[in-house]
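Colleague: Structure incoming, see below.
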Amino acid sequence: MKNAFLCEYETKRALADFILRAPRLSMADKCIEFEEAFAKYQGRQHAVLMNSGGSANLALLQALRNLDRLKSRDKVGFSALTWSTNTMPIFQMDMDAVPVDCDPFTLNVMSALLDERLKEVDLKALFITNALGLAGDMGAIRDLCAQKGVILLEDNCESLGTELSGVKTGNFGLASTFSFFVAHHMSTIEGGMICTDDDDLAEMLRIVRANGWDRNLSAKQQRKWRHRYGINSEFEAKYTFYDLGFNMRPTEITGFLGLEQMKYLEENIQKRSENFIRLATVAKENPEFHPLQTAHITRLSSFAFPVICKTPQLREKYIREFSGAGIEIRPMIAGNMQRQPFYKKYALANYSLAGADLLHEQGFYCGNYPELTETDLQVMTSCLSHEG
């Protein structure tokens with residue numbers, strides 16, 4: 001079973017010591033330190049820490065609504081193969097969700113598929129998911145969005161550290177979100193982050209994160225908001241709420257764990273990459289699988305190992321083999337999101353999604369993490385090998 005943290009014992013021991021000596025555990029200095037360290041690692045001007053990756057997605061769309069960059073009934077595209085918390089905020093913000101199909105051999109939206117959708121629908125934004133450590137041709141997608149006036153947002157919760165031609169995923173759009181849930185590249189137990197180079201958006205994200213007030217803004221930013229609304233008293237300012245928000249604040253435990261886990265992040269990514277290459281080398285020799293296309297990715301920070309079978313019947317065969325060998329497996333994320341019960345309830349239209357359908361019916365994945373032993377990897381490669 002996967003540990004909660006990389007270097008589990010050392011991290012838990014450090015956490016216990018921190019809790020015993022910390023002057024406070026609500027959001028304070030450690031959260032700020034983690035934000036600064038993560039922004040530097042990602043190469044972004046701002047990183048805003050949240051209590052979960054799902055909260056990060058919701059806060060990002062709320063902030064864009066508060067800034068009037070997105071409005072009610074705007075059409076927002078999303079990757080058809082994704083997680084629920086990438087899609088639900090579109091409905092929760094009273095916008096129209098529009099799926100963009102994914103290439104079954106990259107698992108991701110490609111620029112050609114986005115171009116096809118843009119010929120049918122006038123998208124205001126695209127909230128793309130970089131799935132399972134992989135990514136589409138993000139440079140071309142960024143250029144297409146710029147050409148068409150589409151706001152590009154990245155859900156990079158599964159692809160921390162992946163690079164395309166030296167550019168990290170999460171750095172192609174206006175903003176990107178990250179998750180630090182226990183199953184992800186870095187664990188703070190629960191936790192998430194939003195990165196951006198946009199000063200106004202980062203400021204609004206801090207307002208959204210904390211109920212709509214200005215408590216976590218700089219003194220200069222506080223003066224701006226208080227002057228705008230005629231708040232002349234420090235006493236009144238304590239409970240003045242400037243725009244719509246939530247309580248999505250992290251704790252000092254989140255900040256401390258983030259800083260601890262960043263010490264091991266490069267080691268984590270390297271091991272995941274080595275595991276992926278080993279498994280992919282075996283899988284590509286199996287004629288019952290569709291080979292993954294990753295040549296456009298210059299550094300692959302694997303979240304999990306996807307298996308795409310050539311028929312639904314073969315999928316059932318390999319599900320039995322993996323399960324029988326004691327390997328924990330999952331459906332291909334949420335599959336074609338249009339098939340999910342909540343989506344059917346709230347969506348205004350359905351679209352043809354041949355790639356997402358193939359992944360839904362013929363794909364699954366198994367975990368890839370640094371703690372996999374040589375025995376674990378041998379069992380996995382055995383299951384991936386062709387019998388005949």
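Identifiers for the structure tokens are assigned positionally: chains receive A, B, ... in sequence, residues are indexed from 1 per chain, and ligands are indexed from 1 in the order shown.
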Excluding Tyr346 (chain A) and any residue of its chain fewer than 3 positions from it, enumerate the residues within 12 Å of it, using only C-alpha atoms, and give them as a CSV table (one decimal) with N, CA and C atoms, in the first residue's frame.
Modeller:
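Saved to selection-v9.csv:
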chain,number,residue,atom,x,y,z
A,87,THR,N,-14.8,19.5,-13.5
A,87,THR,CA,-16.0,19.8,-14.3
A,87,THR,C,-17.1,20.4,-13.4
A,88,MET,N,-17.2,19.9,-12.2
A,88,MET,CA,-18.3,20.4,-11.3
A,88,MET,C,-18.3,21.9,-11.1
A,89,PRO,N,-17.1,22.6,-10.9
A,89,PRO,CA,-17.1,24.0,-10.7
A,89,PRO,C,-17.7,24.8,-11.8
A,90,ILE,N,-17.6,24.3,-13.0
A,90,ILE,CA,-18.2,25.0,-14.2
A,90,ILE,C,-19.7,25.1,-14.0
A,91,PHE,N,-20.4,24.0,-13.5
A,91,PHE,CA,-21.8,24.1,-13.2
A,91,PHE,C,-22.0,24.9,-12.0
A,92,GLN,N,-21.2,24.8,-11.0
A,92,GLN,CA,-21.4,25.5,-9.7
A,92,GLN,C,-21.3,27.0,-9.9
A,94,ASP,N,-22.4,28.5,-12.6
A,94,ASP,CA,-23.5,28.8,-13.5
A,94,ASP,C,-23.0,29.1,-14.9
A,95,MET,N,-22.0,28.3,-15.3
A,95,MET,CA,-21.5,28.4,-16.7
A,95,MET,C,-21.9,27.1,-17.4
A,96,ASP,N,-21.8,27.1,-18.7
A,96,ASP,CA,-22.1,25.9,-19.5
A,96,ASP,C,-20.8,25.1,-19.8
A,97,ALA,N,-20.9,23.9,-19.4
A,97,ALA,CA,-19.7,23.0,-19.6
A,97,ALA,C,-19.7,22.4,-21.0
A,98,VAL,N,-18.6,22.4,-21.7
A,98,VAL,CA,-18.5,21.9,-23.0
A,98,VAL,C,-17.3,20.9,-23.1
A,337,MET,N,-16.7,11.9,-19.3
A,337,MET,CA,-17.5,12.6,-18.2
A,337,MET,C,-18.9,12.8,-18.5
A,338,GLN,N,-19.3,12.7,-19.8
A,338,GLN,CA,-20.8,12.8,-20.1
A,338,GLN,C,-21.6,11.7,-19.6
A,339,ARG,N,-20.9,10.6,-19.3
A,339,ARG,CA,-21.6,9.4,-18.8
A,339,ARG,C,-21.8,9.5,-17.2
A,340,GLN,N,-21.3,10.4,-16.6
A,340,GLN,CA,-21.4,10.5,-15.1
A,340,GLN,C,-22.8,11.0,-14.7
A,341,PRO,N,-23.4,10.5,-13.7
A,341,PRO,CA,-24.7,10.9,-13.3
A,341,PRO,C,-24.9,12.4,-13.1
A,342,PHE,N,-24.0,13.0,-12.4
A,342,PHE,CA,-24.1,14.5,-12.1
A,342,PHE,C,-24.1,15.3,-13.4
A,343,TYR,N,-23.3,14.8,-14.4
A,343,TYR,CA,-23.2,15.5,-15.6
A,343,TYR,C,-24.5,15.5,-16.4
A,349,ALA,N,-26.1,20.0,-23.2
A,349,ALA,CA,-26.0,19.4,-24.5
A,349,ALA,C,-25.0,18.3,-24.4
A,350,ASN,N,-25.1,17.3,-25.3
A,350,ASN,CA,-24.1,16.2,-25.4
A,350,ASN,C,-23.3,16.3,-26.7
Colleague: Quick one: residues within 8 Å of Gly192 (chain A), only C-alpha atoms counted, chain neighbours fewer than 5 positions away excluded, as a ChimeraX atom specification?
Modeller: /A:49-56,177-181
Colleague: Keeping C-alpha atoms, export the residues of the selection given above as a PDB file, in the first residue's frame.
Modeller:
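Contents of the output file again_30.pdb:
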ATOM      1  CA  LEU A  49      -2.254  27.612  -1.161  1.00  0.00           C
ATOM      2  CA  MET A  50      -5.706  26.033  -0.708  1.00  0.00           C
ATOM      3  CA  ASN A  51      -7.107  23.292   1.494  1.00  0.00           C
ATOM      4  CA  SER A  52      -7.495  20.889  -1.464  1.00  0.00           C
ATOM      5  CA  GLY A  53      -6.999  20.559  -5.200  1.00  0.00           C
ATOM      6  CA  GLY A  54     -10.771  20.535  -5.673  1.00  0.00           C
ATOM      7  CA  SER A  55     -11.010  23.807  -3.752  1.00  0.00           C
ATOM      8  CA  ALA A  56      -8.294  25.221  -5.993  1.00  0.00           C
ATOM      9  CA  THR A 177      -4.108  24.146 -10.196  1.00  0.00           C
ATOM     10  CA  PHE A 178      -2.303  21.409  -8.245  1.00  0.00           C
ATOM     11  CA  SER A 179      -3.323  18.759  -5.721  1.00  0.00           C
ATOM     12  CA  PHE A 180      -1.347  17.483  -2.739  1.00  0.00           C
ATOM     13  CA  PHE A 181      -3.714  14.665  -1.788  1.00  0.00           C
TER      14      PHE A 181
END
Colleague: Extract, using only C-alpha atoms, all DNA, RNA and protein residues at most 8 Å from region 32-36 of chain A, discarding same-chain residues fewer than 2 positions from it, and format them as a PDB file with N, CA and C atoms, in the first residue's frame.
Modeller:
ATOM      1  N   ALA A  28      -0.563  30.492   8.639  1.00  0.00           N
ATOM      2  CA  ALA A  28       0.383  31.520   9.056  1.00  0.00           C
ATOM      3  C   ALA A  28       1.663  31.399   8.229  1.00  0.00           C
ATOM      4  N   ASP A  29       2.813  31.521   8.885  1.00  0.00           N
ATOM      5  CA  ASP A  29       4.100  31.657   8.194  1.00  0.00           C
ATOM      6  C   ASP A  29       4.470  30.458   7.336  1.00  0.00           C
ATOM      7  N   LYS A  30       4.212  29.228   7.806  1.00  0.00           N
ATOM      8  CA  LYS A  30       4.609  28.044   7.034  1.00  0.00           C
ATOM      9  C   LYS A  30       3.851  27.972   5.713  1.00  0.00           C
ATOM     10  N   PHE A  38       7.008  26.935  -3.649  1.00  0.00           N
ATOM     11  CA  PHE A  38       6.351  26.270  -4.769  1.00  0.00           C
ATOM     12  C   PHE A  38       6.321  27.163  -5.999  1.00  0.00           C
ATOM     13  N   ALA A  39       6.079  28.453  -5.812  1.00  0.00           N
ATOM     14  CA  ALA A  39       6.101  29.385  -6.938  1.00  0.00           C
ATOM     15  C   ALA A  39       7.478  29.389  -7.589  1.00  0.00           C
ATOM     16  N   LYS A  40       8.526  29.352  -6.779  1.00  0.00           N
ATOM     17  CA  LYS A  40       9.885  29.317  -7.321  1.00  0.00           C
ATOM     18  C   LYS A  40      10.129  28.031  -8.095  1.00  0.00           C
ATOM     19  N   HIS A  46       3.230  33.826  -8.672  1.00  0.00           N
ATOM     20  CA  HIS A  46       2.372  33.665  -7.493  1.00  0.00           C
ATOM     21  C   HIS A  46       1.964  32.204  -7.330  1.00  0.00           C
ATOM     22  N   ALA A  47       1.883  31.769  -6.078  1.00  0.00           N
ATOM     23  CA  ALA A  47       1.287  30.477  -5.726  1.00  0.00           C
ATOM     24  C   ALA A  47       0.392  30.723  -4.520  1.00  0.00           C
ATOM     25  N   VAL A  48      -0.860  30.318  -4.611  1.00  0.00           N
ATOM     26  CA  VAL A  48      -1.837  30.544  -3.553  1.00  0.00           C
ATOM     27  C   VAL A  48      -2.295  29.184  -3.035  1.00  0.00           C
ATOM     28  N   LEU A  49      -1.994  28.914  -1.771  1.00  0.00           N
ATOM     29  CA  LEU A  49      -2.254  27.612  -1.161  1.00  0.00           C
ATOM     30  C   LEU A  49      -3.718  27.482  -0.750  1.00  0.00           C
ATOM     31  N   GLY A 255       1.218  23.688   5.223  1.00  0.00           N
ATOM     32  CA  GLY A 255       2.412  24.404   4.811  1.00  0.00           C
ATOM     33  C   GLY A 255       3.688  23.683   5.202  1.00  0.00           C
ATOM     34  N   PHE A 256       3.732  23.171   6.421  1.00  0.00           N
ATOM     35  CA  PHE A 256       4.921  22.453   6.882  1.00  0.00           C
ATOM     36  C   PHE A 256       5.158  21.198   6.045  1.00  0.00           C
ATOM     37  N   GLY A 258       4.141  20.554   3.049  1.00  0.00           N
ATOM     38  CA  GLY A 258       4.529  20.919   1.697  1.00  0.00           C
ATOM     39  C   GLY A 258       6.014  21.208   1.591  1.00  0.00           C
ATOM     40  N   LEU A 259       6.529  21.949   2.544  1.00  0.00           N
ATOM     41  CA  LEU A 259       7.961  22.255   2.550  1.00  0.00           C
ATOM     42  C   LEU A 259       8.796  20.995   2.738  1.00  0.00           C
TER      43      LEU A 259
END
Colleague: Measure the distance from CA of Ala63 (chain A) to CA of Ala175 (chain A) in Å and round it to one decimal.
Modeller: 11.2 Å
Colleague: When distances are computed from only C-alpha atoms, which of A:Leu244, A:Ala16, A:Cys195, A:Met93 shows the smallest separation from Arg209 (chain A)?
Modeller: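 Among the listed residues, A:Leu244 lies closest to Arg209 (chain A).
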